[in-house]
Amino acid sequence: MKLSQLKSGDEAQIRSLGNHPVANKLLEMGCLPGERLKVRRIAPFGDPMAIQILGYELALRRDEAEAIEVELLPKSPFL
Amino acid sequence: MKKRLKIALVGNPNSGKSSLFNALTGLHQKVGNFPGVTVDKKTGILPLGNHTTAELIDLPGTYSLYPRSEDERVTFNVLMDAENPAHPDLVVIVADATNLRRHLLFITQIIDLGLPALLVLNKIDMAEKRGIEQNTADLARLLGVPVVATNARSSAGIDQLKTTMAEMGARVSIPFYQPNDEVKPVLEAISEISGEKPGYRSFIYLCNHDHLDKLLPAQHAKIDQFIGEYQINIQQLQARETVERYQQIAGLLTQIERKAKQPEDHRSEKIDKILLHPVWGYGIFLGILFVMFQAIFAWASWPMDWIESLFNSLGTLVSGLLPDNLLADLLVNGVIPGLGGVVVFVPQIVLLFFFLALLEETGYMARVSFLMDQLMRKFGLNGKSIVPLIGGYACAVPSIMATRTINSWKERILTIMVLPLMSCSARLPVYTLLIGLSVPDDRVLGLFNLQGLILMAFYLLGFFAAIGVALIMKWFIRERSSSFFLLEMPAYQLPRWGNIGLTLIDRAKTFVFGAGKVILAVSMLLWALSSYGPGDRFEQLQATYETQLAGGADPLELENQLERDKLAASYAGSLGKFIEPAIAPLGFDWKIGISIITSFAAREVFVGTMATIYSLGAADFEETTLRQKMMSDVNPRTGQPVYTLATTFSLLVFYAFAMQCMSTLAITYRETRSWKWPALQFVYMTGLAYLGSLLIYTLLK
């Protein structure tokens with residue numbers, strides 16, 4: 001499942017990063033395989049989205065979120 | 001003897017680097033440019049003890065040594081090139097103590113470059129509040145660099161930071177990350193052509209040489225050759241570095257960082273629930289824009305009026321003091337109004353940047369980008385373009401300066417290019433004069449004033465023209481870097497007024513000294529064009545005037561007449577007549593031609609020029625009188641009134657679209673560092689104005 005398919009409030013763990021021109025930039029910003037994230041919100045027109053990762057909030061476009069393969073986690077009160 | 005130490009501040013955006021820079025240098029800072037690029041170079045002087053003075057350079061914020069924008073490229077090259085004039089003797093790395101993990105990526109990269117470095121853990125108070133505790137002594141031992149904890153907002157730790165900077169010798173840190181053994185052979189090969197050790201620096205040469213300006217073409221070719229020979233996938237290599245660094249960082253953090261299990265700070269989240277709400281979010285944003293617009297439009301006019309009258313009285317004063325000669329004329333009618341024309345923009349610039357800095361400081365600007373990105377992207381613009389675009393309704397000059405917050409070069413250029421189409425406040429006097437001339441003061445549906453509706457239509461026309469042009473132009477502007485939108489949404493915080501104050505000083509200075517020169521030069525040229533004429537026409541006019549005056553004519557009326565005839569006889573007048581055939585299809589005569597030429601100083605000059613042409617002295621000037629005189633003007637050839645509905649609307653459209661503002665061209669040059677963009681702006685806007693006017697005139701004629 002791709003990050004772009006998640007809904008607001010979903011929590012997930014990153015599996016891998018696809019081939020995307022900004023894949024390396026995403027890694028630098030902390031979107032690392034194995035890292036947990038939470039979708040904080042999706043902008044009113046469906047794009048961009050904001051995720052909580054590595055202890056901060058990162059906004060990214062749907063196009064970039066498509067490069068991130070994730071596994072949906074059961075909801076927990078943490079993160 | 002005093003030593004002059006060069007110290008560079010580096011760090012992620014939002015690390016509090018600028019606050020730290022301000023806390024260290026205060027008012028002793030100046031803004032220049034890195035050679036050849038539009039990136040601002042902020043430097044400041046910092047005394048360190050009795051024997052050393054340091055020059056502090058604030059390098060653009062960046063997330064890693066892999067640059068993605070022009071700003072980041074500057075930081076990269078300054079750090080990599082020992083010959084670079086800004087290359088530091090000491091690197092001060094600023095990190096946010098609340099999020100050390102992400103910041104450590106860049107920190108450890110800098111350490112691995114082998115430059116003398118010092119780590120500042122900033123925002124230490126916020127970290128404490130969130131229950132994060134770091135052992136700075138252990139961190140310093142593990143990284144091999146001194147570590148100082150500060151809170152730039154309250155200046156805590158600043159003295160200790162200064163002491164540490166002063167006492168640091170040229171000590172070199174220990175490497176943190178070792179490039180994989182597999183790349184050793186290629187790093188050794190690179191080391192031979194670069195003279196660097198085959199360590200991390202050579203690794204950066206390998207992965208990132210495209211961005212390294214100091215390399216010669218032969219060296220670039222050689223590195224490309226190595227990449228082929230050793231079958232290196234540099235993308236993969238970089239990804240691997242990042243992942244492995246983060247793994248090492250996680251290991252390091254378990255030794256030095258303790259996070260108390262505390263409920264998270266949900267304040268920002270709560271604020272976002274309102275400010276990013278699908279309905280309230282846009283409503284609040286519109287409200288903020290409304291206040292900004294009002295402020296720039298209404299409040300700025302007070303100090304602007306003072307500045308204008310100040311320069312007017314200065315002119316009167318100087319003309320009274322000096323004998324009536326060429327130099328006095330140049331000073332009174334060329335230099336002083338020219339200077340006034342520069343200074344008069346300062347209130348608008350200061351006000352707009354006050355609001356922008358406030359939005360940026362509090363963290364709201366990132367939210368605006370988030371809300372608007374999807375809408376603006378359709379037009380090739382960026383979420384951040386909306387604020388400068390709306391600011392364009394007040395004045396294009398500060399708004400173009402405000403586009404600096406847009407990271408993508410293409411989106412920034414597009415914003416700059418279309419921004420002057422927004423109907424700025426200088427067009428308002430022209431609009432009101434012309435609308436008053438042609439549109440009856442009627443009510444529509446018994447409620448709306450027709451003149452007001454037409455005025456609003458012209459404001460909307462500007463906005464739609466701007467986004468329309470952006471939509472077309474986005475296909476013609478080359479992308480310099482891949483467009484992406486990765487934006488850190490910083491936690492909300494209270495503004496630091498000191499930072500805002502320093503920003504305002506900085507922006508006002510940049511405008512006055514950057515664009516001011518061009519504006520002054522063009523003002524003087526326009527003065528010369530309208531005060532001199534070919535041949536001895538002026539002498540003849542003067543002689544006729546003397547005779548008539550001796551004949552007992554009304555001196556005031558005669559003076560106005562002389563001014564009108566002089567303008568008609570001047571080079572500007574000749575130019576107006578010269579371009580008449582070109583503007584005749586738009587319904588304009590040579591008098592309008594003169595006004596268009598003199599309007600180039602600023603659009604509102606149109607009204608003043610019209611007043612001179614219709615021989616109204618400044619003393620008895622009234623807009624209604626001017627309107628009556630214009631209305632009764634008759635074309636000598638056709639016997640029809642000059643200002644028909646077709647001509648007036650054609651002129652309105654012309655003023656809505658045409659690039660008639662040298663200040664805007666000057667600031668576009670200043671911000672893009674190339675005459676190409678202001679030239680393109682001038683050509684396309686004037687072309688659009690011509691075609692638009694032609695269309696309207698032909699339709700209404």
# chains A, B, ... in the order shown; residues from 1 in each chain; ligands from 1
call {"tool": "closest_atom_pairs", "arguments": {"of": "chain A", "to": "chain B", "cutoff": "6 Å", "atoms": "only C-alpha atoms", "output": "JSON lines"}}
result
{"residue": "A:Asn24", "atom": "CA", "partner": "B:Ala239", "partner_atom": "CA", "distance": 5.6}
{"residue": "A:Pro44", "atom": "CA", "partner": "B:Pro278", "partner_atom": "CA", "distance": 5.2}
{"residue": "A:Asp47", "atom": "CA", "partner": "B:Gln374", "partner_atom": "CA", "distance": 5.9}
{"residue": "A:Glu57", "atom": "CA", "partner": "B:Met489", "partner_atom": "CA", "distance": 5.3}
{"residue": "A:Leu58", "atom": "CA", "partner": "B:Glu488", "partner_atom": "CA", "distance": 4.7}
{"residue": "A:Ala59", "atom": "CA", "partner": "B:Leu487", "partner_atom": "CA", "distance": 5.0}
{"residue": "A:Leu60", "atom": "CA", "partner": "B:Leu486", "partner_atom": "CA", "distance": 4.8}
{"residue": "A:Arg61", "atom": "CA", "partner": "B:Phe485", "partner_atom": "CA", "distance": 6.0}
call {"tool": "select_by_dssp", "arguments": {"residues": "region 392-497 of chain B", "states": "alpha helix (DSSP H)", "output": "PyMOL selection string"}}
result
chain B and resi 396-401+409-418+427-438+450-473+497
call {"tool": "atom_distance", "arguments": {"atom1": "CA of Phe513 (chain B)", "atom2": "CA of Ser663 (chain B)"}}
result
12.2 Å
call {"tool": "residues_around", "arguments": {"residues": "Pro347 (chain B)", "least_positions_apart": "3", "cutoff": "7 Å", "atoms": "only C-alpha atoms", "output": "list in words"}}
result
Ala300, Pro303, Met304, Val344, Val350 and Leu351 of chain B
call {"tool": "select_by_dssp", "arguments": {"residues": "region 85-165 of chain B", "states": "strand (DSSP E)", "output": "ChimeraX atom specification"}}
result
/B:90-96,117-122,132-134,147-149
call {"tool": "write_last_selection", "arguments": {"atoms": "N, CA and C atoms", "output": "PDB file, in the first residue's frame"}}
result
ATOM      1  N   LEU B  90      35.994  28.249  10.871  1.00  0.00           N
ATOM      2  CA  LEU B  90      35.269  27.465  11.864  1.00  0.00           C
ATOM      3  C   LEU B  90      33.799  27.379  11.439  1.00  0.00           C
ATOM      4  N   VAL B  91      33.242  26.164  11.547  1.00  0.00           N
ATOM      5  CA  VAL B  91      31.832  25.993  11.198  1.00  0.00           C
ATOM      6  C   VAL B  91      31.041  25.816  12.491  1.00  0.00           C
ATOM      7  N   VAL B  92      30.052  26.673  12.688  1.00  0.00           N
ATOM      8  CA  VAL B  92      29.166  26.510  13.835  1.00  0.00           C
ATOM      9  C   VAL B  92      27.873  25.875  13.326  1.00  0.00           C
ATOM     10  N   ILE B  93      27.633  24.640  13.761  1.00  0.00           N
ATOM     11  CA  ILE B  93      26.453  23.916  13.286  1.00  0.00           C
ATOM     12  C   ILE B  93      25.341  24.116  14.300  1.00  0.00           C
ATOM     13  N   VAL B  94      24.210  24.629  13.815  1.00  0.00           N
ATOM     14  CA  VAL B  94      23.083  24.885  14.714  1.00  0.00           C
ATOM     15  C   VAL B  94      22.073  23.755  14.563  1.00  0.00           C
ATOM     16  N   ALA B  95      21.666  23.174  15.680  1.00  0.00           N
ATOM     17  CA  ALA B  95      20.694  22.081  15.627  1.00  0.00           C
ATOM     18  C   ALA B  95      19.575  22.341  16.617  1.00  0.00           C
ATOM     19  N   ASP B  96      18.410  21.815  16.281  1.00  0.00           N
ATOM     20  CA  ASP B  96      17.242  21.936  17.132  1.00  0.00           C
ATOM     21  C   ASP B  96      17.259  20.776  18.128  1.00  0.00           C
ATOM     22  N   ALA B 117      34.799  22.291  13.629  1.00  0.00           N
ATOM     23  CA  ALA B 117      33.365  22.517  13.821  1.00  0.00           C
ATOM     24  C   ALA B 117      32.999  22.583  15.289  1.00  0.00           C
ATOM     25  N   LEU B 118      31.856  23.195  15.531  1.00  0.00           N
ATOM     26  CA  LEU B 118      31.319  23.355  16.880  1.00  0.00           C
ATOM     27  C   LEU B 118      29.822  23.149  16.758  1.00  0.00           C
ATOM     28  N   LEU B 119      29.255  22.418  17.704  1.00  0.00           N
ATOM     29  CA  LEU B 119      27.824  22.132  17.617  1.00  0.00           C
ATOM     30  C   LEU B 119      27.043  22.937  18.649  1.00  0.00           C
ATOM     31  N   VAL B 120      26.013  23.603  18.175  1.00  0.00           N
ATOM     32  CA  VAL B 120      25.130  24.349  19.077  1.00  0.00           C
ATOM     33  C   VAL B 120      23.803  23.614  19.167  1.00  0.00           C
ATOM     34  N   LEU B 121      23.424  23.211  20.370  1.00  0.00           N
ATOM     35  CA  LEU B 121      22.095  22.631  20.568  1.00  0.00           C
ATOM     36  C   LEU B 121      21.160  23.761  20.952  1.00  0.00           C
ATOM     37  N   ASN B 122      20.381  24.202  19.989  1.00  0.00           N
ATOM     38  CA  ASN B 122      19.508  25.356  20.199  1.00  0.00           C
ATOM     39  C   ASN B 122      18.124  24.887  20.675  1.00  0.00           C
ATOM     40  N   ILE B 132      12.939  16.131  26.948  1.00  0.00           N
ATOM     41  CA  ILE B 132      14.098  15.580  26.241  1.00  0.00           C
ATOM     42  C   ILE B 132      15.358  16.094  26.924  1.00  0.00           C
ATOM     43  N   GLU B 133      16.251  15.169  27.203  1.00  0.00           N
ATOM     44  CA  GLU B 133      17.459  15.552  27.916  1.00  0.00           C
ATOM     45  C   GLU B 133      18.671  14.970  27.201  1.00  0.00           C
ATOM     46  N   GLN B 134      19.662  15.813  26.911  1.00  0.00           N
ATOM     47  CA  GLN B 134      20.855  15.309  26.242  1.00  0.00           C
ATOM     48  C   GLN B 134      22.084  15.504  27.109  1.00  0.00           C
ATOM     49  N   VAL B 147      30.370  20.975  22.189  1.00  0.00           N
ATOM     50  CA  VAL B 147      28.917  21.134  22.103  1.00  0.00           C
ATOM     51  C   VAL B 147      28.477  22.194  23.117  1.00  0.00           C
ATOM     52  N   VAL B 148      27.710  23.156  22.665  1.00  0.00           N
ATOM     53  CA  VAL B 148      27.189  24.200  23.552  1.00  0.00           C
ATOM     54  C   VAL B 148      25.666  24.203  23.448  1.00  0.00           C
ATOM     55  N   ALA B 149      24.995  24.265  24.597  1.00  0.00           N
ATOM     56  CA  ALA B 149      23.532  24.341  24.581  1.00  0.00           C
ATOM     57  C   ALA B 149      23.101  25.800  24.695  1.00  0.00           C
TER      58      ALA B 149
END
call {"tool": "closest_residue", "arguments": {"among": "B:Lys222, B:Tyr205, B:Thr544, B:Gly49", "to": "Thr164 (chain B)", "atoms": "only C-alpha atoms"}}
result
B:Gly49
call {"tool": "residues_around", "arguments": {"residues": "region 178-182 of chain B", "least_positions_apart": "3", "cutoff": "10 Å", "atoms": "only C-alpha atoms", "output": "tab-separated table (two decimals) with N, CA and C atoms, in the first residue's frame"}}
result
chain	number	residue	atom	x	y	z
B	112	ASP	N	32.29	15.14	8.99
B	112	ASP	CA	33.09	14.28	8.12
B	112	ASP	C	33.84	15.04	7.03
B	175	PRO	N	36.20	11.40	12.12
B	175	PRO	CA	35.17	11.01	11.14
B	175	PRO	C	34.07	10.18	11.80
B	185	PRO	N	38.40	1.80	-4.07
B	185	PRO	CA	39.24	2.01	-5.27
B	185	PRO	C	38.89	3.30	-6.01
B	186	VAL	N	37.58	3.56	-6.17
B	186	VAL	CA	37.20	4.76	-6.92
B	186	VAL	C	37.52	6.02	-6.11
B	187	LEU	N	37.38	5.95	-4.80
B	187	LEU	CA	37.72	7.12	-3.98
B	187	LEU	C	39.21	7.42	-4.08
B	198	PRO	N	41.28	10.06	0.37
B	198	PRO	CA	40.22	9.20	-0.16
B	198	PRO	C	39.10	8.92	0.83
B	199	GLY	N	38.77	9.87	1.67
B	199	GLY	CA	37.71	9.67	2.67
B	199	GLY	C	36.39	10.26	2.21
B	200	TYR	N	35.66	10.86	3.17
B	200	TYR	CA	34.31	11.34	2.87
B	200	TYR	C	34.30	12.46	1.83
B	202	SER	N	36.19	12.82	-0.73
B	202	SER	CA	36.25	12.20	-2.06
B	202	SER	C	34.92	11.54	-2.40
B	203	PHE	N	34.26	11.01	-1.38
B	203	PHE	CA	32.94	10.41	-1.57
B	203	PHE	C	31.94	11.46	-2.09
B	230	TYR	N	34.01	2.18	-12.81
B	230	TYR	CA	33.81	1.36	-11.61
B	230	TYR	C	32.35	0.96	-11.43
B	232	ILE	N	29.50	2.69	-10.84
B	232	ILE	CA	28.96	3.25	-9.61
B	232	ILE	C	27.54	3.76	-9.88
B	237	LEU	N	24.26	4.97	-3.88
B	237	LEU	CA	25.33	5.23	-2.93
B	237	LEU	C	24.89	6.28	-1.91
B	240	ARG	N	22.26	4.91	0.40
B	240	ARG	CA	22.91	4.05	1.38
B	240	ARG	C	23.57	4.88	2.48
B	241	GLU	N	24.24	5.95	2.05
B	241	GLU	CA	24.87	6.82	3.05
B	241	GLU	C	23.82	7.32	4.04
B	244	GLU	N	22.51	4.50	6.34
B	244	GLU	CA	23.52	4.06	7.31
B	244	GLU	C	23.83	5.13	8.35
B	245	ARG	N	23.86	6.37	7.91
B	245	ARG	CA	24.07	7.46	8.86
B	245	ARG	C	22.96	7.48	9.91
call {"tool": "residues_around", "arguments": {"residues": "region 78-89 of chain B", "least_positions_apart": "4", "cutoff": "6 Å", "atoms": "only C-alpha atoms", "output": "ChimeraX atom specification"}}
result
/B:6-8
call {"tool": "residues_around", "arguments": {"residues": "Tyr655 (chain B)", "least_positions_apart": "5", "cutoff": "8 Å", "atoms": "only C-alpha atoms", "output": "PyMOL selection string"}}
result
chain B and resi 427+430+603+660+689
call {"tool": "atom_distance", "arguments": {"atom1": "CA of Leu414 (chain B)", "atom2": "CA of Arg73 (chain B)"}}
result
21.3 Å
call {"tool": "atom_distance", "arguments": {"atom1": "CA of Ile107 (chain B)", "atom2": "CA of Leu206 (chain B)"}}
result
20.1 Å
call {"tool": "closest_residue", "arguments": {"among": "A:Lys75, A:Arg15, A:Lys7, A:His20", "to": "Gly46 (chain A)", "atoms": "only C-alpha atoms"}}
result
A:Lys7
call {"tool": "residues_around", "arguments": {"residues": "Leu73 (chain A)", "least_positions_apart": "5", "cutoff": "9 Å", "atoms": "only C-alpha atoms", "output": "MDAnalysis selection string"}}
result
chainID A and resid 10:13 36
call {"tool": "closest_residue", "arguments": {"among": "B:Arg443, B:Lys184, B:Arg201, B:Arg130", "to": "Leu113 (chain B)", "atoms": "only C-alpha atoms"}}
result
B:Arg201
